[in-house]
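Colleague: Got a structure for you, data04.txt, holding compact mmCIF, C-alpha atoms.
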```
# COMPACT_ATOMS: atom_id res chain seq x y z
CA MET A 28 185.04 136.63 80.23
CA SER A 29 187.62 138.87 78.58
CA SER A 30 188.86 142.12 80.09
CA PRO A 31 187.74 145.48 78.62
CA ASP A 32 191.23 146.01 77.16
CA GLU A 33 190.96 142.77 75.18
CA GLN A 34 187.69 143.73 73.50
CA PRO A 35 188.53 145.36 70.14
CA ASP A 36 185.36 147.46 69.94
CA ILE A 37 185.26 148.73 73.55
CA VAL A 38 186.36 152.24 72.53
CA SER A 39 183.58 152.62 69.97
CA LEU A 40 181.02 151.23 72.45
CA LEU A 41 182.18 153.67 75.13
CA LEU A 42 182.02 156.61 72.69
CA LYS A 43 178.45 155.67 71.76
CA ALA A 44 177.50 155.35 75.43
CA ILE A 45 179.06 158.75 76.23
CA LYS A 46 176.94 160.42 73.54
CA LYS A 47 173.78 159.08 75.20
CA GLU A 48 174.61 160.12 78.77
CA SER A 49 173.56 163.34 80.48
CA LEU A 50 176.15 165.99 81.25
CA PHE A 51 175.56 165.52 84.98
CA ARG A 52 176.21 161.77 84.77
CA LEU A 53 179.38 162.33 82.72
CA VAL A 54 180.70 164.81 85.29
CA GLU A 55 180.07 162.26 88.05
CA LEU A 56 181.78 159.56 86.00
CA LEU A 57 184.81 161.77 85.34
CA ARG A 58 185.04 162.63 89.03
CA ASP A 59 184.96 158.95 89.97
CA ILE A 60 187.62 158.09 87.37
CA ILE A 61 190.05 160.81 88.51
CA GLU A 62 189.51 159.99 92.19
CA HIS A 63 190.49 156.36 91.67
CA SER A 64 193.13 156.44 88.93
CA PRO A 65 196.45 158.32 89.12
CA GLU A 66 196.87 157.93 85.35
CA SER A 67 193.43 159.50 84.77
CA ARG A 68 194.33 162.40 87.09
CA LYS A 69 197.45 162.99 85.03
CA ILE A 70 195.44 163.03 81.77
CA ALA A 71 192.69 165.28 83.19
CA SER A 72 195.31 167.66 84.60
CA LYS A 73 196.97 167.92 81.20
CA TRP A 74 193.69 169.01 79.59
CA LEU A 75 192.07 171.05 82.37
CA LEU A 76 194.92 172.63 84.36
CA THR A 77 198.00 174.67 83.64
CA ALA A 78 200.91 176.03 85.62
CA LYS A 79 200.25 179.54 86.95
CA ASP A 80 203.46 180.65 85.26
CA ASP A 81 201.95 179.75 81.86
CA VAL A 82 198.92 182.05 82.29
CA LYS A 83 199.03 184.98 79.87
CA SER A 84 197.22 188.17 80.81
CA GLU A 85 197.39 191.86 80.10
CA PRO A 86 200.69 193.23 81.40
CA VAL A 87 200.38 195.56 84.37
CA PRO A 88 202.07 198.87 83.55
CA THR A 89 204.90 199.76 85.90
CA SER A 90 205.71 203.30 86.89
CA PRO A 91 209.25 204.63 86.38
CA THR A 92 209.67 204.96 90.14
CA THR A 93 208.92 201.29 90.77
CA SER A 94 212.00 199.48 91.96
CA ILE A 95 212.71 196.05 90.63
CA LYS A 96 213.68 193.54 93.29
CA GLU A 97 216.44 191.20 92.39
CA GLU A 98 215.24 187.63 92.80
CA SER A 99 217.43 185.19 94.62
CA ILE A 100 218.36 182.07 92.76
CA SER A 101 217.08 179.01 94.55
CA GLU A 102 216.57 175.37 93.85
CA PRO A 103 213.49 174.71 91.70
CA THR A 104 210.63 173.24 93.63
CA VAL A 105 209.05 169.96 92.63
CA SER A 106 205.54 171.24 93.27
CA VAL A 107 204.19 173.62 90.60
CA SER A 108 201.29 175.90 91.43
CA MET A 109 198.39 175.00 89.12
CA THR A 110 195.27 176.86 87.99
CA PRO A 111 192.30 176.06 85.73
CA ARG A 112 193.27 176.22 82.05
CA PHE A 113 189.93 177.61 80.85
CA GLU A 114 188.15 180.70 82.17
CA GLU A 115 185.13 182.76 81.14
CA CYS A 116 185.92 186.24 79.81
CA LEU A 117 184.30 189.22 81.51
CA TYR A 118 184.07 191.14 78.22
CA CYS A 119 183.08 188.68 75.47
CA LEU A 120 181.59 186.02 77.83
CA GLU A 121 183.39 183.25 75.92
CA ARG A 122 185.49 180.50 77.49
CA TYR A 123 189.16 180.89 76.64
CA ASP A 124 192.44 179.07 77.16
CA VAL A 125 194.49 181.14 79.63
CA THR A 126 197.74 179.94 78.01
CA LYS A 127 196.76 181.39 74.61
CA ASN A 128 195.50 184.81 75.73
CA SER A 129 196.95 187.78 73.83
CA ALA A 130 196.40 191.46 73.08
CA THR A 131 194.12 190.47 70.17
CA SER A 132 192.29 187.45 71.64
CA CYS A 133 189.12 189.19 72.82
CA ARG A 134 186.71 191.04 70.54
CA TYR A 135 183.69 192.72 72.07
CA HIS A 136 181.46 195.77 72.27
CA VAL A 137 181.38 198.01 75.31
CA ASP A 138 177.57 198.33 75.23
CA LEU A 139 174.74 195.88 74.59
CA ASP A 140 173.06 196.12 71.23
CA THR A 141 169.87 198.12 70.80
CA MET A 142 167.21 198.02 68.11
CA ASP A 143 166.10 200.52 65.51
CA GLU A 144 162.75 201.39 67.09
CA GLU A 145 161.61 203.32 63.99
CA PHE A 146 162.03 200.22 61.80
CA PHE A 147 160.07 198.03 64.26
CA LYS A 148 157.47 200.72 65.11
CA ASN A 149 154.46 198.68 63.90
CA GLU A 150 155.53 195.56 65.81
CA ILE A 151 156.17 197.56 68.98
CA ILE A 152 152.75 199.25 68.74
CA ALA A 153 151.15 195.80 68.24
CA GLY A 154 152.86 194.60 71.42
CA ILE A 155 155.19 192.15 69.67
CA ASP A 156 158.51 191.56 71.44
CA VAL A 157 161.15 192.19 68.78
CA ASP A 158 164.07 192.30 71.21
CA ASN A 159 165.03 188.63 70.77
CA GLU A 160 167.42 186.33 68.89
CA GLU A 161 164.90 185.50 66.14
CA TYR A 162 164.60 189.16 65.11
CA ARG A 163 168.37 189.69 65.45
CA GLU A 164 168.97 186.83 63.00
CA ALA A 165 166.32 188.05 60.55
CA TRP A 166 167.31 191.77 60.63
CA PRO A 167 170.88 192.05 61.99
CA GLU A 168 171.33 195.44 60.31
CA LYS A 169 168.45 196.87 62.42
CA PHE A 170 170.23 196.16 65.71
CA PHE A 171 173.27 198.29 66.56
CA TYR A 172 175.68 199.12 69.35
CA LEU A 173 175.53 202.51 71.05
CA CYS A 174 179.27 202.40 71.81
CA CYS A 175 180.31 202.53 68.15
CA GLY A 176 177.13 202.67 66.04
CA ARG A 177 177.99 199.41 64.25
CA ASP A 178 175.31 196.82 63.54
CA LEU A 179 175.37 193.09 64.26
CA LEU A 180 177.05 192.37 60.90
CA ASP A 181 180.06 194.62 61.61
CA GLU A 182 183.25 193.83 63.47
CA GLU A 183 183.47 194.42 67.21
CA CYS A 184 184.75 197.83 68.29
CA GLN A 185 187.11 196.67 71.06
CA VAL A 186 190.00 194.24 70.74
CA GLY A 187 192.21 193.27 73.65
CA TRP A 188 193.11 190.72 76.28
CA HIS A 189 190.52 188.37 77.71
CA LYS A 190 189.87 189.20 81.35
CA ARG A 191 188.85 186.50 83.80
CA ALA A 192 185.35 187.05 85.12
CA ASP A 193 185.30 187.14 88.91
CA ARG A 194 181.79 185.74 88.97
CA PRO A 195 181.05 182.02 88.60
CA SER A 196 180.30 180.80 85.11
CA LYS A 197 176.69 180.17 84.14
CA ARG A 198 177.84 176.78 82.92
CA VAL A 199 178.94 175.55 86.37
CA ILE A 200 177.53 172.16 87.26
CA PRO A 201 176.79 171.56 90.94
CA ILE A 202 179.34 168.79 91.42
CA GLU A 203 178.87 168.51 95.18
CA VAL A 204 175.48 166.87 94.68
CA ARG A 205 175.83 163.11 94.37
CA CYS A 206 173.11 160.72 93.25
CA THR A 207 173.24 157.14 94.38
```
Rewrite the structure from the file as structure tokens, please.
Modeller:
Amino acid sequence: MSSPDEQPDIVSLLLKAIKKESLFRLVELLRDIIEHSPESRKIASKWLLTAKDDVKSEPVPTSPTTSIKEESISEPTVSVSMTPRFEECLYCLERYDVTKNSATSCRYHVDLDTMDEEFFKNEIIAGIDVDNEEYREAWPEKFFYLCCGRDLLDEECQVGWHKRADRPSKRVIPIEVRCT
């Protein structure tokens, strides 16, 4: 029997198998791979982690009375403090790469959108729920933001830095649960 590395079509077979697997099973598989292979840990770290020094976030303004401490020059340490590379933004709710954050990365509205109740008066009287994605797609100009008055077709009113949400992401998979 030949080894997996000797089979020319093993990559295509694995890619097909990955497409068929559940997200939970793939997370368990990835965990098993990185627990048992130093090379896999290195690859996963490259894609999922970054050095804390590479994280870009909104600069904190300093007051004129703040004194700047002179840092002592010391030998560089071998160990680099790492952090997750991707976070969920508090404002736009999108996942973003913390190393590519900038003053123009995040676009969002301060308020949630609301609907033009006069336009949907007949549906509301009939008891039809028009406050949903189907109606937003069909009549985007009839939903608007109170913060700026713009409708769903217009640009967002706020532009700035992504801010890490302090709450857990809705996309978190319970990785502590193991199936045997």
Colleague: Smallest atom-to-atom distance to His189 (chain A): which of A:Lys73, A:Arg134, A:Lys43, A:Lys148, using all atoms listed in the file?
Modeller: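 Closest to His189 (chain A) of all the choices is A:Arg134.
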Colleague: One decimal, Å: what's the distance from CA of Gln185 (chain A) over to CA of Thr77 (chain A), could you say?
Modeller: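 If I compute the distance from CA of Gln185 (chain A) to CA of Thr77 (chain A), I get 27.6 Å.
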Colleague: Do you know which residues are at most 9 Å from Cys184 (chain A) counting all atoms listed in the file, after dropping those on the same chain fewer than 2 positions away, and could you put them as a list in words?
Modeller: Arg134, Tyr135, His136, Val137, Cys174, Cys175, Arg177, Asp181, Glu182 and Val186 of chain A
Colleague: With C-alpha atoms retained, write the just-selected residues as a short mmCIF file (atom, residue, chain, number, x, y, z; two decimals), in the frame of the given file.
Modeller:
```
data_model
loop_
_atom_site.label_atom_id
_atom_site.label_comp_id
_atom_site.auth_asym_id
_atom_site.auth_seq_id
_atom_site.Cartn_x
_atom_site.Cartn_y
_atom_site.Cartn_z
CA ARG A 134 186.71 191.04 70.54
CA TYR A 135 183.69 192.72 72.07
CA HIS A 136 181.46 195.77 72.27
CA VAL A 137 181.38 198.01 75.31
CA CYS A 174 179.27 202.40 71.81
CA CYS A 175 180.31 202.53 68.15
CA ARG A 177 177.99 199.41 64.25
CA ASP A 181 180.06 194.62 61.61
CA GLU A 182 183.25 193.83 63.47
CA VAL A 186 190.00 194.24 70.74
#
```
Colleague: I want to know what sits within 9 Å of region 152-169 of chain A, based on only C-alpha atoms, with residues of the same chain fewer than 4 positions away left out; could you give that as a ChimeraX atom specification?
Modeller: /A:141-144,146-148,177-181
Colleague: Can you write just those residues out, C-alpha atoms, as a PDB file, in the coordinates of the input?
Modeller:
```pdb
ATOM      1  CA  THR A 141     169.870 198.120  70.800  1.00  0.00           C
ATOM      2  CA  MET A 142     167.210 198.020  68.110  1.00  0.00           C
ATOM      3  CA  ASP A 143     166.100 200.520  65.510  1.00  0.00           C
ATOM      4  CA  GLU A 144     162.750 201.390  67.090  1.00  0.00           C
ATOM      5  CA  PHE A 146     162.030 200.220  61.800  1.00  0.00           C
ATOM      6  CA  PHE A 147     160.070 198.030  64.260  1.00  0.00           C
ATOM      7  CA  LYS A 148     157.470 200.720  65.110  1.00  0.00           C
ATOM      8  CA  ARG A 177     177.990 199.410  64.250  1.00  0.00           C
ATOM      9  CA  ASP A 178     175.310 196.820  63.540  1.00  0.00           C
ATOM     10  CA  LEU A 179     175.370 193.090  64.260  1.00  0.00           C
ATOM     11  CA  LEU A 180     177.050 192.370  60.900  1.00  0.00           C
ATOM     12  CA  ASP A 181     180.060 194.620  61.610  1.00  0.00           C
TER      13      ASP A 181
END
```
Colleague: Considering only C-alpha atoms, can you say which of A:Pro88, A:Lys190, A:Glu150, A:Ser67 comes closest to Asp124 (chain A)?
Modeller: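 So, comparing all the options, the nearest one is A:Lys190.
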Colleague: Excluding same-chain residues fewer than 3 positions from Asn128 (chain A), what lies within 6 Å of it counting only C-alpha atoms, as a ChimeraX atom specification?
Modeller: /A:83,125,132
Colleague: So, counting only C-alpha atoms, which residue among A:Ala130, A:Leu120, A:Ala192, A:Pro111 is closest to Ser72 (chain A)?
Modeller: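 For Ser72 (chain A), the nearest of the given residues is A:Pro111.
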Colleague: Quote the spacing between CA of Gly187 (chain A) and CA of Thr126 (chain A) in Å to one decimal place.
Modeller: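 Computing it gives 15.1 Å between the two atoms.
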Colleague: Report as number ranges by chain all protein, DNA and RNA residues lying within 7 Å of Lys79 (chain A), evaluated on all atoms listed in the file, omitting residues in the same chain fewer than 4 positions from it.
Modeller: A: 108-110
Colleague: Output C-alpha atoms for every residue in the selection just made, as a compact mmCIF listing (two decimals), in the frame of the given file.
Modeller:
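In the end it all went to part.txt:
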```
# COMPACT_ATOMS: atom_id res chain seq x y z
CA SER A 108 201.29 175.90 91.43
CA MET A 109 198.39 175.00 89.12
CA THR A 110 195.27 176.86 87.99
```
Colleague: Can you work out the spacing between CA of Arg191 (chain A) and CA of Ile61 (chain A) in Å, to one decimal?
Modeller: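 Separating CA of Arg191 (chain A) from CA of Ile61 (chain A) is a distance of 26.1 Å.
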